[in-house]
Amino acid sequence: MDQSVSRREDDAAELVEFEVDGELHRAARGQLLVEILGATVPHVCYHPQLGSIGTCDTCLVEVDGAYARACEVTVEAHLTVRTRGVDLRLERRRAGAALLSNHELYCTVCDNSNGDCELHQAAWDLELDEEAAQFTPKPYEVDDSHPFYRYDPSQCILCGRCVQACQEVQVNETLTIDWSLPRPRVLWDGGRPAGESSCVSCGHCVSVCPCNALMEKSMLGRAGTLSWLGDRALRPLIELTKATEPVIGVKPVFALSDAESQLRRSYVRRTKTVCTYCGVGCSFDVWTRGREVLRVHPEHGPTNGISTCVKGKFGWGFVNAPDRLVRPLVRRDGRFCATSWSDALETIAERLRAIIAESGPDAVGVIASSKGTNEEAYLAQKLARAVIGTNNVDNCSRYCQSPATMGLWRTVGYGGDAGSVEDLARADLVILVGSNTAESHPVIAARIKAAHKQGRLRLVVADLRRHEMADRADLFLRPRPGTDLVWLSAVTRLLIEEGRVDEAFVRERVSGFEAYRASLEPFDLSTAERLSGVAAADLRRLAEMIASSPRVAIAWAMGVTQHEGGSDTSTAISNLLLVTGNYGRPGTGAYPLRGHNNVQGASDFGAMPSYLPGYEAVSDSSVRAKWSSLWGVTVPERAGLDNHQMIDAVHAGALRALIVVGEELGIVDANALHVQDALRRLDLLVVSDLFLSRTATFADVVLPAAASLEKEGTFTNTERRIQRLYQAMPPPGEARPDWEWLVALAQALGAPWRYTHPSEVMAEAASAAAIVAGVSYERLEGYASLQWPVAPDGHDTPLLYTQRFAFDDGKARLWPLEWHEPSEQPDEEFDLHLNNGRLLEHFHEGNLTYRTAGIEAQTPQPFVEVSPELAAERGLRDGQLVRLVSRRGAVRVRVLVTDRVRGRELYMPMNGRANHEAVNVLTSSATDRATHTPAFKELAVRLEALGDPVGVAVPRRNWRFGRRTPQRGVAIEGKRRRRDYRDPTRSGGRYGG
Amino acid sequence: MAEPLEVVPSEALWSSLEPAGARERDRRLDAVRRAVAVVAERLETPAGRRGVEAVARLLAVLATTSPRVAEGLGRGFARAAAALETSSTPSLRELARLTRSRELRRGLWILIELIAGLGEASASASRSGLPAGAAPREGVTRTGDGASDTP
């Protein structure tokens, strides 16, 4: 690190004094006045998570003698603010009236009138009525083209919140307002139908709309007491009501609609939950009416605030899918029979007892779910260890994140993100390696994109594909597959050679520097350029960017971990951060982006073959003694098998029974046909799932599971943040939360388990596992959260390593590395490299997401991305059916010609649910050398064009074909230039206008 | 060897539990929706508007009712309920004594106005052959059998 580079830490907020209506106030310098005044002045366009927009003018105040919008004034010492007075009241009413000239009031029959319509509240506060503002509809049709929401221009008050959210928070840059139109309106891609635009359906615009201009379609006709009546009945009722308003005034009508909105509270339930998809850990209120999901409303989530992605906001169709399993199934006489829970559990217990008696407990394995709760992961591993008597327990982090954890264990001690998502947004430089963040972790991407757009950070992306983050990057590196370790090590070596390491940090807080430096010897720039394909000049530039950035954070994902050297590359990332002193300060650190909602928690709570809850090693006799004492059994000493080893053990005849909690390993594990063959060979396969998954088709017993909305528990996100989810609705039919049947199965096997609620499970885990010692349901009430390690007194750790690293001596460890060529390389027979991964719209194979009609319509099937140059060489056309063949199997998919991929590199998303379209039919059984995570990304294939008629790979209405319209915020100057706009800040004030 | 099974007995699927009830609920909702649409359309007449206006006035009165009046109304309802409970009919003398009260006379006046309004509406409707409160829509000629509307 350059000595000249200062270490900027966040300044403590300076308090200043100022006067409001003659009273002295104190607040932090720079805070927005509107925040301080709160409800004292009405406001519509301002939202604390959107910042100042300045369109509505309703928050007008007088500051030091001149009119100003309170949302545009930052607090300084000695300000004199006036909020009262007839003049201000009149100006605000005028502003409010302008809003209502764009909005028809029919609150009593409006689906948005739920007691929190901000326009309704402002109209009340400003004492507005229809006479104050003559509403005239805008000359535009309602835009109903989007699968998830509709835009009604005639209800749109042009506050610009939606545009601000799209341009500055989500940074998808789809929405604008055309202020030059005679009647301005919101536009998608400059004038496309919303459903055919670049809109990624993140839902920000709908969530922040202060009225009903943008509404979730799932709310329409469902939320109100009368709104279901439909337009034909409602229109005359609305007209009738309006006819009475001149006579009776608007207040009784408002009172009626307020009373009606209270009535809605009796049947529309709002329940806090945590998203069940990726590892970001978005939390929000889910609004339900019976079993119908009306709306997902994000606002208070500690990680996401108002943010969501398409899956979290709209992807809940699976909850009420007609093929949800509602009764247990038992395989009898070559078919599934519906049966009772007692019969199903007794069948499992009886057969487990027989297998254990014949072959011992290690003939049984348990795969916990990284989509289930922490409590369910804890019970699954306890079932394996304390009831069955084996350490054969694992979870799906084995397919994705174990190498990242290994890299961190080796170097800094804790297998979790160094800080929080907000630290990524606070960094001066963010480096994304092997992560299509905008599609795989959209809300984290939004934070990075926003900071980047605002010029607060620089962005470097290293990836095979030119995805959205690559397009936005200040520097885009495109290394050859499997060579990340090479260029990372070369950059680190260059920084050391040029004396740009943080010497004090390395001296005081890191061990092993000399041995590490020696290990970098092979990674000179020219070698790195030759092996990785990244130009030496780009590596020099990256080194310069790192050295000149006070705060550097690196995030990575499956592009790093799913290789034979996944753990080593993860280690190389951490090494680089250590030598540059980028740990232990806000805005720095290592951020493996966890894939599933609870992939972190499933490992934290012990669903791993070598670790008990809290990453306490099974091999440690004192650890075993502690847990043995707690559970009243002897925890087995024998090392357990991980997922990968369990499949091999089935083929070897050593593992005879497998209990799978909600994992689709038959499709998502590598070399899927090999895995399915193992499932076929088991003497007993038990699968708990919402649906008859591919894995479940091989089962002897299938248990109907409850979805996350139907149970209580906790999830831990990628930031180590533990959050509670509450039950929004009961499970359908006889479906049960996994924790309930795990308890019942343990009891059927003779264990005296007496849990009646997940909180008791958490209390037990917290009593023994140090990293969650202070976790309790009381401390996680509502939107409260805790980031482990959590001390017994409840203090948590949002930022790790501020004082010491998690080793006995408190020092981090530099870990020397070697690079190995990927074993599977393209050759003459299999001449193309096939990269693979997620899509924004679908989660993994799509068992959940295909059951939301809007998602399926936009992205109905997997496809293969082919570069324009390869398409030209092979004569391939968009939509053409091709066969991809690897050494393991073959799939048939349609071609999408795109420059996101280059040359002879292909990309195929993993959203295939059947063998003929699932990428893992192609992938191999090769694994990461340290953790056995499959090397999904090391895959050579050949491509055979098929003669079938050309079809559609991705519908043209998909967001990928849209054209973004970037701008800053709502481009407010466009409004203020209009001839019909009267700027109140120029009109008066004691000294103004 | 457990070969994959892809058929689930229908009774084990959510579709076996929910759709029948949901279909029935949707059918009823549709029926109510149509009925309300018809009523709303018929209300969209000058008389209908006047009726809604009157209800709105009532709401306005209720919304601005002072606590004292609300208390009186409650007391009145309580007395009325008590009177219903008694089996004896008040004598004319008892009634005459009550009318000495100015408050009672005022209440009777309000009641009579209300009843008169309803009576006039009813008489007018029976003359025109329409239900009470309804009136021909402006610009619409009603034929003798009421079968069709022509502009």
# chains A, B, ... in the order shown; residues from 1 in each chain; ligands from 1
call {"tool": "interface_residues", "arguments": {"of": "chain B", "to": "chain A", "cutoff": "8 Å", "atoms": "only C-alpha atoms", "output": "ChimeraX atom specification"}}
result
/B:1-9,11-15,17,32-34,36-38,40-41,43-44,49,52-53,56-57,59-60,63
call {"tool": "write_last_selection", "arguments": {"atoms": "N, CA and C atoms", "output": "mmCIF file, in the first residue's frame"}}
result
data_model
loop_
_atom_site.group_PDB
_atom_site.id
_atom_site.type_symbol
_atom_site.label_atom_id
_atom_site.label_comp_id
_atom_site.auth_asym_id
_atom_site.auth_seq_id
_atom_site.Cartn_x
_atom_site.Cartn_y
_atom_site.Cartn_z
ATOM 1 N N MET B 1 -33.172 -52.337 -7.341
ATOM 2 C CA MET B 1 -33.019 -51.108 -8.125
ATOM 3 C C MET B 1 -34.362 -50.373 -8.166
ATOM 4 N N ALA B 2 -34.336 -49.144 -7.655
ATOM 5 C CA ALA B 2 -35.569 -48.354 -7.638
ATOM 6 C C ALA B 2 -35.627 -47.493 -8.887
ATOM 7 N N GLU B 3 -36.460 -47.897 -9.821
ATOM 8 C CA GLU B 3 -36.617 -47.083 -11.034
ATOM 9 C C GLU B 3 -37.446 -45.839 -10.712
ATOM 10 N N PRO B 4 -37.177 -44.746 -11.407
ATOM 11 C CA PRO B 4 -37.915 -43.514 -11.087
ATOM 12 C C PRO B 4 -39.411 -43.652 -11.356
ATOM 13 N N LEU B 5 -40.193 -43.156 -10.421
ATOM 14 C CA LEU B 5 -41.651 -43.137 -10.560
ATOM 15 C C LEU B 5 -42.099 -41.698 -10.730
ATOM 16 N N GLU B 6 -42.898 -41.454 -11.726
ATOM 17 C CA GLU B 6 -43.259 -40.067 -11.986
ATOM 18 C C GLU B 6 -44.736 -39.778 -11.798
ATOM 19 N N VAL B 7 -45.477 -40.807 -11.362
ATOM 20 C CA VAL B 7 -46.917 -40.602 -11.161
ATOM 21 C C VAL B 7 -47.202 -40.537 -9.664
ATOM 22 N N VAL B 8 -47.875 -39.470 -9.276
ATOM 23 C CA VAL B 8 -48.260 -39.289 -7.876
ATOM 24 C C VAL B 8 -49.771 -39.494 -7.796
ATOM 25 N N PRO B 9 -50.230 -40.291 -6.836
ATOM 26 C CA PRO B 9 -51.686 -40.439 -6.705
ATOM 27 C C PRO B 9 -52.336 -39.072 -6.511
ATOM 28 N N GLU B 11 -54.698 -37.972 -4.857
ATOM 29 C CA GLU B 11 -55.086 -37.531 -3.508
ATOM 30 C C GLU B 11 -53.894 -36.975 -2.717
ATOM 31 N N ALA B 12 -52.690 -37.169 -3.239
ATOM 32 C CA ALA B 12 -51.498 -36.641 -2.549
ATOM 33 C C ALA B 12 -51.100 -35.278 -3.078
ATOM 34 N N LEU B 13 -51.867 -34.719 -3.993
ATOM 35 C CA LEU B 13 -51.522 -33.422 -4.585
ATOM 36 C C LEU B 13 -52.450 -32.314 -4.098
ATOM 37 N N TRP B 14 -51.910 -31.140 -4.025
ATOM 38 C CA TRP B 14 -52.664 -29.958 -3.592
ATOM 39 C C TRP B 14 -53.888 -29.740 -4.482
ATOM 40 N N SER B 15 -53.760 -30.083 -5.749
ATOM 41 C CA SER B 15 -54.872 -29.867 -6.680
ATOM 42 C C SER B 15 -56.107 -30.651 -6.252
ATOM 43 N N LEU B 17 -57.157 -30.940 -3.228
ATOM 44 C CA LEU B 17 -57.791 -30.309 -2.070
ATOM 45 C C LEU B 17 -58.414 -28.970 -2.410
ATOM 46 N N VAL B 32 -71.796 -12.464 -7.724
ATOM 47 C CA VAL B 32 -71.984 -11.243 -6.928
ATOM 48 C C VAL B 32 -71.496 -10.033 -7.717
ATOM 49 N N ARG B 33 -70.375 -10.216 -8.397
ATOM 50 C CA ARG B 33 -69.806 -9.113 -9.188
ATOM 51 C C ARG B 33 -70.817 -8.628 -10.236
ATOM 52 N N ARG B 34 -71.458 -9.592 -10.913
ATOM 53 C CA ARG B 34 -72.441 -9.232 -11.937
ATOM 54 C C ARG B 34 -73.644 -8.521 -11.311
ATOM 55 N N VAL B 36 -73.797 -6.812 -8.502
ATOM 56 C CA VAL B 36 -73.460 -5.461 -8.035
ATOM 57 C C VAL B 36 -73.335 -4.517 -9.227
ATOM 58 N N ALA B 37 -72.790 -5.044 -10.332
ATOM 59 C CA ALA B 37 -72.661 -4.199 -11.523
ATOM 60 C C ALA B 37 -74.039 -3.719 -11.977
ATOM 61 N N VAL B 38 -75.026 -4.623 -11.931
ATOM 62 C CA VAL B 38 -76.381 -4.255 -12.337
ATOM 63 C C VAL B 38 -76.941 -3.187 -11.395
ATOM 64 N N ALA B 40 -75.300 -1.145 -9.468
ATOM 65 C CA ALA B 40 -74.543 0.105 -9.601
ATOM 66 C C ALA B 40 -75.009 0.865 -10.840
ATOM 67 N N GLU B 41 -75.305 0.127 -11.909
ATOM 68 C CA GLU B 41 -75.757 0.762 -13.138
ATOM 69 C C GLU B 41 -77.113 1.430 -12.931
ATOM 70 N N LEU B 43 -78.274 2.473 -10.141
ATOM 71 C CA LEU B 43 -78.128 3.605 -9.225
ATOM 72 C C LEU B 43 -77.650 4.858 -9.945
ATOM 73 N N GLU B 44 -77.028 4.664 -11.101
ATOM 74 C CA GLU B 44 -76.463 5.795 -11.830
ATOM 75 C C GLU B 44 -77.579 6.554 -12.556
ATOM 76 N N ARG B 49 -78.478 9.128 -7.653
ATOM 77 C CA ARG B 49 -77.472 10.048 -7.137
ATOM 78 C C ARG B 49 -77.991 10.784 -5.897
ATOM 79 N N VAL B 52 -77.806 8.409 -3.016
ATOM 80 C CA VAL B 52 -76.440 8.254 -2.497
ATOM 81 C C VAL B 52 -76.019 9.531 -1.773
ATOM 82 N N GLU B 53 -76.470 10.660 -2.343
ATOM 83 C CA GLU B 53 -76.128 11.936 -1.721
ATOM 84 C C GLU B 53 -76.704 12.002 -0.308
ATOM 85 N N ALA B 56 -74.784 9.913 1.872
ATOM 86 C CA ALA B 56 -73.530 10.597 2.172
ATOM 87 C C ALA B 56 -73.743 11.698 3.201
ATOM 88 N N ARG B 57 -74.921 12.415 3.059
ATOM 89 C CA ARG B 57 -75.219 13.436 4.062
ATOM 90 C C ARG B 57 -75.315 12.814 5.450
ATOM 91 N N LEU B 59 -73.876 10.144 6.384
ATOM 92 C CA LEU B 59 -72.503 9.830 6.832
ATOM 93 C C LEU B 59 -71.826 11.088 7.351
ATOM 94 N N ALA B 60 -72.068 12.192 6.610
ATOM 95 C CA ALA B 60 -71.453 13.442 7.031
ATOM 96 C C ALA B 60 -71.963 13.844 8.406
ATOM 97 N N ALA B 63 -70.387 11.633 10.814
ATOM 98 C CA ALA B 63 -68.964 11.939 10.991
ATOM 99 C C ALA B 63 -68.770 13.194 11.833
#
call {"tool": "residues_around", "arguments": {"residues": "segment 149-164 of chain A", "least_positions_apart": "4", "cutoff": "6 Å", "atoms": "only C-alpha atoms", "output": "NGL selection string"}}
result
:A and (45 or 55-56 or 99 or 102-103 or 137-138 or 142-144 or 168 or 175-176 or 205 or 213-217 or 969-970)
call {"tool": "residues_around", "arguments": {"residues": "segment 653-656 of chain A", "least_positions_apart": "6", "cutoff": "12 Å", "atoms": "only C-alpha atoms", "output": "PDB file with N, CA, C and O atoms, in the first residue's frame"}}
result
ATOM      1  N   ARG A 351     -37.015 -49.665   8.351  1.00  0.00           N
ATOM      2  CA  ARG A 351     -35.982 -50.025   7.371  1.00  0.00           C
ATOM      3  C   ARG A 351     -34.611 -49.496   7.795  1.00  0.00           C
ATOM      4  O   ARG A 351     -33.583 -50.121   7.531  1.00  0.00           O
ATOM      5  N   LEU A 352     -34.603 -48.321   8.443  1.00  0.00           N
ATOM      6  CA  LEU A 352     -33.318 -47.814   8.951  1.00  0.00           C
ATOM      7  C   LEU A 352     -32.761 -48.755  10.011  1.00  0.00           C
ATOM      8  O   LEU A 352     -31.561 -49.074  10.008  1.00  0.00           O
ATOM      9  N   ARG A 353     -33.633 -49.191  10.906  1.00  0.00           N
ATOM     10  CA  ARG A 353     -33.177 -50.109  11.959  1.00  0.00           C
ATOM     11  C   ARG A 353     -32.577 -51.371  11.353  1.00  0.00           C
ATOM     12  O   ARG A 353     -31.522 -51.857  11.779  1.00  0.00           O
ATOM     13  N   ALA A 354     -33.220 -51.884  10.315  1.00  0.00           N
ATOM     14  CA  ALA A 354     -32.729 -53.111   9.684  1.00  0.00           C
ATOM     15  C   ALA A 354     -31.372 -52.889   9.025  1.00  0.00           C
ATOM     16  O   ALA A 354     -30.440 -53.700   9.176  1.00  0.00           O
ATOM     17  N   ILE A 355     -31.240 -51.762   8.327  1.00  0.00           N
ATOM     18  CA  ILE A 355     -29.976 -51.485   7.627  1.00  0.00           C
ATOM     19  C   ILE A 355     -28.844 -51.260   8.634  1.00  0.00           C
ATOM     20  O   ILE A 355     -27.722 -51.752   8.461  1.00  0.00           O
ATOM     21  N   ILE A 356     -29.146 -50.524   9.711  1.00  0.00           N
ATOM     22  CA  ILE A 356     -28.115 -50.276  10.738  1.00  0.00           C
ATOM     23  C   ILE A 356     -27.711 -51.596  11.392  1.00  0.00           C
ATOM     24  O   ILE A 356     -26.526 -51.850  11.649  1.00  0.00           O
ATOM     25  N   ALA A 357     -28.715 -52.444  11.634  1.00  0.00           N
ATOM     26  CA  ALA A 357     -28.416 -53.735  12.260  1.00  0.00           C
ATOM     27  C   ALA A 357     -27.525 -54.579  11.352  1.00  0.00           C
ATOM     28  O   ALA A 357     -26.591 -55.256  11.809  1.00  0.00           O
ATOM     29  N   GLU A 358     -27.771 -54.514  10.052  1.00  0.00           N
ATOM     30  CA  GLU A 358     -27.001 -55.349   9.115  1.00  0.00           C
ATOM     31  C   GLU A 358     -25.642 -54.750   8.774  1.00  0.00           C
ATOM     32  O   GLU A 358     -24.634 -55.445   8.696  1.00  0.00           O
ATOM     33  N   SER A 359     -25.612 -53.420   8.553  1.00  0.00           N
ATOM     34  CA  SER A 359     -24.403 -52.810   7.980  1.00  0.00           C
ATOM     35  C   SER A 359     -23.780 -51.731   8.847  1.00  0.00           C
ATOM     36  O   SER A 359     -22.773 -51.129   8.472  1.00  0.00           O
ATOM     37  N   GLY A 360     -24.387 -51.422   9.961  1.00  0.00           N
ATOM     38  CA  GLY A 360     -23.844 -50.394  10.842  1.00  0.00           C
ATOM     39  C   GLY A 360     -24.375 -49.013  10.474  1.00  0.00           C
ATOM     40  O   GLY A 360     -24.893 -48.791   9.373  1.00  0.00           O
ATOM     41  N   PRO A 361     -24.224 -48.047  11.394  1.00  0.00           N
ATOM     42  CA  PRO A 361     -24.786 -46.709  11.169  1.00  0.00           C
ATOM     43  C   PRO A 361     -24.144 -45.966  10.003  1.00  0.00           C
ATOM     44  O   PRO A 361     -24.766 -45.088   9.410  1.00  0.00           O
ATOM     45  N   ASP A 362     -22.891 -46.298   9.661  1.00  0.00           N
ATOM     46  CA  ASP A 362     -22.249 -45.586   8.560  1.00  0.00           C
ATOM     47  C   ASP A 362     -22.769 -46.024   7.185  1.00  0.00           C
ATOM     48  O   ASP A 362     -22.318 -45.512   6.159  1.00  0.00           O
ATOM     49  N   ALA A 363     -23.726 -46.934   7.201  1.00  0.00           N
ATOM     50  CA  ALA A 363     -24.397 -47.282   5.939  1.00  0.00           C
ATOM     51  C   ALA A 363     -25.541 -46.315   5.652  1.00  0.00           C
ATOM     52  O   ALA A 363     -26.271 -46.486   4.676  1.00  0.00           O
ATOM     53  N   VAL A 364     -25.685 -45.329   6.527  1.00  0.00           N
ATOM     54  CA  VAL A 364     -26.755 -44.336   6.363  1.00  0.00           C
ATOM     55  C   VAL A 364     -26.125 -42.956   6.189  1.00  0.00           C
ATOM     56  O   VAL A 364     -25.120 -42.641   6.827  1.00  0.00           O
ATOM     57  N   GLY A 365     -26.719 -42.139   5.336  1.00  0.00           N
ATOM     58  CA  GLY A 365     -26.273 -40.755   5.168  1.00  0.00           C
ATOM     59  C   GLY A 365     -27.455 -39.799   5.238  1.00  0.00           C
ATOM     60  O   GLY A 365     -28.593 -40.184   4.967  1.00  0.00           O
ATOM     61  N   VAL A 366     -27.166 -38.568   5.643  1.00  0.00           N
ATOM     62  CA  VAL A 366     -28.209 -37.536   5.704  1.00  0.00           C
ATOM     63  C   VAL A 366     -27.710 -36.309   4.940  1.00  0.00           C
ATOM     64  O   VAL A 366     -26.592 -35.847   5.172  1.00  0.00           O
ATOM     65  N   THR A 390     -23.899 -41.665  13.000  1.00  0.00           N
ATOM     66  CA  THR A 390     -22.913 -41.496  11.932  1.00  0.00           C
ATOM     67  C   THR A 390     -22.616 -40.023  11.722  1.00  0.00           C
ATOM     68  O   THR A 390     -23.460 -39.168  12.005  1.00  0.00           O
ATOM     69  N   ASN A 392     -21.998 -39.088   8.694  1.00  0.00           N
ATOM     70  CA  ASN A 392     -22.314 -38.928   7.267  1.00  0.00           C
ATOM     71  C   ASN A 392     -23.440 -37.905   7.104  1.00  0.00           C
ATOM     72  O   ASN A 392     -24.615 -38.247   6.935  1.00  0.00           O
ATOM     73  N   GLY A 640     -16.987 -38.531   8.803  1.00  0.00           N
ATOM     74  CA  GLY A 640     -18.155 -38.765   7.965  1.00  0.00           C
ATOM     75  C   GLY A 640     -17.845 -38.580   6.488  1.00  0.00           C
ATOM     76  O   GLY A 640     -16.763 -38.112   6.107  1.00  0.00           O
ATOM     77  N   LEU A 641     -18.792 -38.935   5.666  1.00  0.00           N
ATOM     78  CA  LEU A 641     -18.671 -38.763   4.216  1.00  0.00           C
ATOM     79  C   LEU A 641     -19.383 -37.485   3.795  1.00  0.00           C
ATOM     80  O   LEU A 641     -20.454 -37.160   4.312  1.00  0.00           O
ATOM     81  N   ASP A 642     -18.787 -36.775   2.829  1.00  0.00           N
ATOM     82  CA  ASP A 642     -19.497 -35.632   2.264  1.00  0.00           C
ATOM     83  C   ASP A 642     -20.405 -36.114   1.132  1.00  0.00           C
ATOM     84  O   ASP A 642     -20.405 -37.308   0.784  1.00  0.00           O
ATOM     85  N   ASN A 643     -21.170 -35.166   0.552  1.00  0.00           N
ATOM     86  CA  ASN A 643     -22.130 -35.541  -0.497  1.00  0.00           C
ATOM     87  C   ASN A 643     -21.484 -36.372  -1.594  1.00  0.00           C
ATOM     88  O   ASN A 643     -22.019 -37.394  -2.036  1.00  0.00           O
ATOM     89  N   GLN A 645     -18.681 -38.024  -1.607  1.00  0.00           N
ATOM     90  CA  GLN A 645     -18.221 -39.351  -1.148  1.00  0.00           C
ATOM     91  C   GLN A 645     -19.398 -40.286  -0.917  1.00  0.00           C
ATOM     92  O   GLN A 645     -19.276 -41.501  -1.092  1.00  0.00           O
ATOM     93  N   MET A 646     -20.531 -39.736  -0.486  1.00  0.00           N
ATOM     94  CA  MET A 646     -21.705 -40.590  -0.254  1.00  0.00           C
ATOM     95  C   MET A 646     -22.147 -41.248  -1.559  1.00  0.00           C
ATOM     96  O   MET A 646     -22.499 -42.434  -1.570  1.00  0.00           O
ATOM     97  N   ILE A 647     -22.126 -40.493  -2.643  1.00  0.00           N
ATOM     98  CA  ILE A 647     -22.532 -41.073  -3.938  1.00  0.00           C
ATOM     99  C   ILE A 647     -21.559 -42.189  -4.319  1.00  0.00           C
ATOM    100  O   ILE A 647     -21.981 -43.288  -4.749  1.00  0.00           O
ATOM    101  N   ALA A 678     -26.807 -43.889  -8.663  1.00  0.00           N
ATOM    102  CA  ALA A 678     -26.590 -44.192  -7.237  1.00  0.00           C
ATOM    103  C   ALA A 678     -27.919 -44.194  -6.487  1.00  0.00           C
ATOM    104  O   ALA A 678     -28.179 -45.087  -5.659  1.00  0.00           O
ATOM    105  N   LEU A 679     -28.761 -43.207  -6.780  1.00  0.00           N
ATOM    106  CA  LEU A 679     -30.061 -43.135  -6.089  1.00  0.00           C
ATOM    107  C   LEU A 679     -30.883 -44.395  -6.363  1.00  0.00           C
ATOM    108  O   LEU A 679     -31.580 -44.927  -5.500  1.00  0.00           O
ATOM    109  N   ARG A 680     -30.757 -44.877  -7.594  1.00  0.00           N
ATOM    110  CA  ARG A 680     -31.475 -46.087  -8.001  1.00  0.00           C
ATOM    111  C   ARG A 680     -31.029 -47.304  -7.173  1.00  0.00           C
ATOM    112  O   ARG A 680     -31.811 -48.203  -6.910  1.00  0.00           O
ATOM    113  N   ARG A 681     -29.756 -47.307  -6.761  1.00  0.00           N
ATOM    114  CA  ARG A 681     -29.188 -48.476  -6.098  1.00  0.00           C
ATOM    115  C   ARG A 681     -29.452 -48.526  -4.596  1.00  0.00           C
ATOM    116  O   ARG A 681     -29.159 -49.529  -3.940  1.00  0.00           O
ATOM    117  N   LEU A 682     -29.919 -47.431  -4.020  1.00  0.00           N
ATOM    118  CA  LEU A 682     -30.084 -47.384  -2.564  1.00  0.00           C
ATOM    119  C   LEU A 682     -31.139 -48.374  -2.080  1.00  0.00           C
ATOM    120  O   LEU A 682     -32.155 -48.602  -2.755  1.00  0.00           O
ATOM    121  N   ASP A 683     -30.930 -48.897  -0.897  1.00  0.00           N
ATOM    122  CA  ASP A 683     -31.956 -49.764  -0.290  1.00  0.00           C
ATOM    123  C   ASP A 683     -33.071 -48.920   0.308  1.00  0.00           C
ATOM    124  O   ASP A 683     -34.205 -49.374   0.437  1.00  0.00           O
ATOM    125  N   LEU A 684     -32.716 -47.707   0.720  1.00  0.00           N
ATOM    126  CA  LEU A 684     -33.741 -46.814   1.253  1.00  0.00           C
ATOM    127  C   LEU A 684     -33.383 -45.381   0.901  1.00  0.00           C
ATOM    128  O   LEU A 684     -32.305 -44.897   1.270  1.00  0.00           O
ATOM    129  N   LEU A 685     -34.272 -44.734   0.183  1.00  0.00           N
ATOM    130  CA  LEU A 685     -34.097 -43.309  -0.094  1.00  0.00           C
ATOM    131  C   LEU A 685     -35.329 -42.574   0.420  1.00  0.00           C
ATOM    132  O   LEU A 685     -36.456 -42.870   0.025  1.00  0.00           O
ATOM    133  N   VAL A 686     -35.094 -41.643   1.326  1.00  0.00           N
ATOM    134  CA  VAL A 686     -36.169 -40.805   1.867  1.00  0.00           C
ATOM    135  C   VAL A 686     -35.937 -39.382   1.366  1.00  0.00           C
ATOM    136  O   VAL A 686     -34.831 -38.851   1.501  1.00  0.00           O
TER     137      VAL A 686
ATOM    138  N   MET B   1     -33.172 -52.337  -7.341  1.00  0.00           N
ATOM    139  CA  MET B   1     -33.019 -51.108  -8.125  1.00  0.00           C
ATOM    140  C   MET B   1     -34.362 -50.373  -8.166  1.00  0.00           C
ATOM    141  O   MET B   1     -35.361 -50.926  -8.628  1.00  0.00           O
TER     142      MET B   1
END
call {"tool": "residues_around", "arguments": {"residues": "Leu104 of chain B", "least_positions_apart": "6", "cutoff": "12 Å", "atoms": "only C-alpha atoms", "output": "list of chain:residue names"}}
result
B:Gly72, B:Gly76, B:Leu95, B:Ala96, B:Arg97, B:Leu98, B:Ile110, B:Leu111
call {"tool": "residues_around", "arguments": {"residues": "segment 720-730 of chain A", "least_positions_apart": "5", "cutoff": "8 Å", "atoms": "only C-alpha atoms", "output": "JSON, numbers by chain"}}
result
{"A": [269, 270, 271, 272, 273, 274, 281, 286, 288, 290, 291, 416, 417, 600, 601, 708, 709, 710, 711, 712, 713, 714, 715, 777, 780, 781, 782, 783, 784, 785, 786, 787, 788]}
call {"tool": "closest_residue", "arguments": {"among": "A:Gly191, A:Ser113, A:Ser519, A:Ala165", "to": "Ala223 of chain A", "atoms": "only C-alpha atoms"}}
result
A:Ser113
call {"tool": "residues_around", "arguments": {"residues": "Gly581 of chain A", "least_positions_apart": "2", "cutoff": "7 Å", "atoms": "only C-alpha atoms", "output": "list in words"}}
result
Asp502, Phe505, Leu577, Leu578, Val579 and Tyr583 of chain A
call {"tool": "select_by_dssp", "arguments": {"residues": "segment 544-630 of chain A", "states": "alpha helix (DSSP H)", "output": "PyMOL selection string"}}
result
chain A and resi 544-547+558-561+566-579+599-604+621-630
call {"tool": "atom_distance", "arguments": {"atom1": "atom CA of Thr108 of chain A", "atom2": "atom CA of Phe135 of chain A"}}
result
17.4 Å
call {"tool": "select_by_dssp", "arguments": {"residues": "segment 82-235 of chain A", "states": "strand (DSSP E)", "output": "JSON, numbers by chain"}}
result
{"A": [82, 149, 150, 151, 175, 176, 177, 186, 187, 188, 214, 215, 216]}
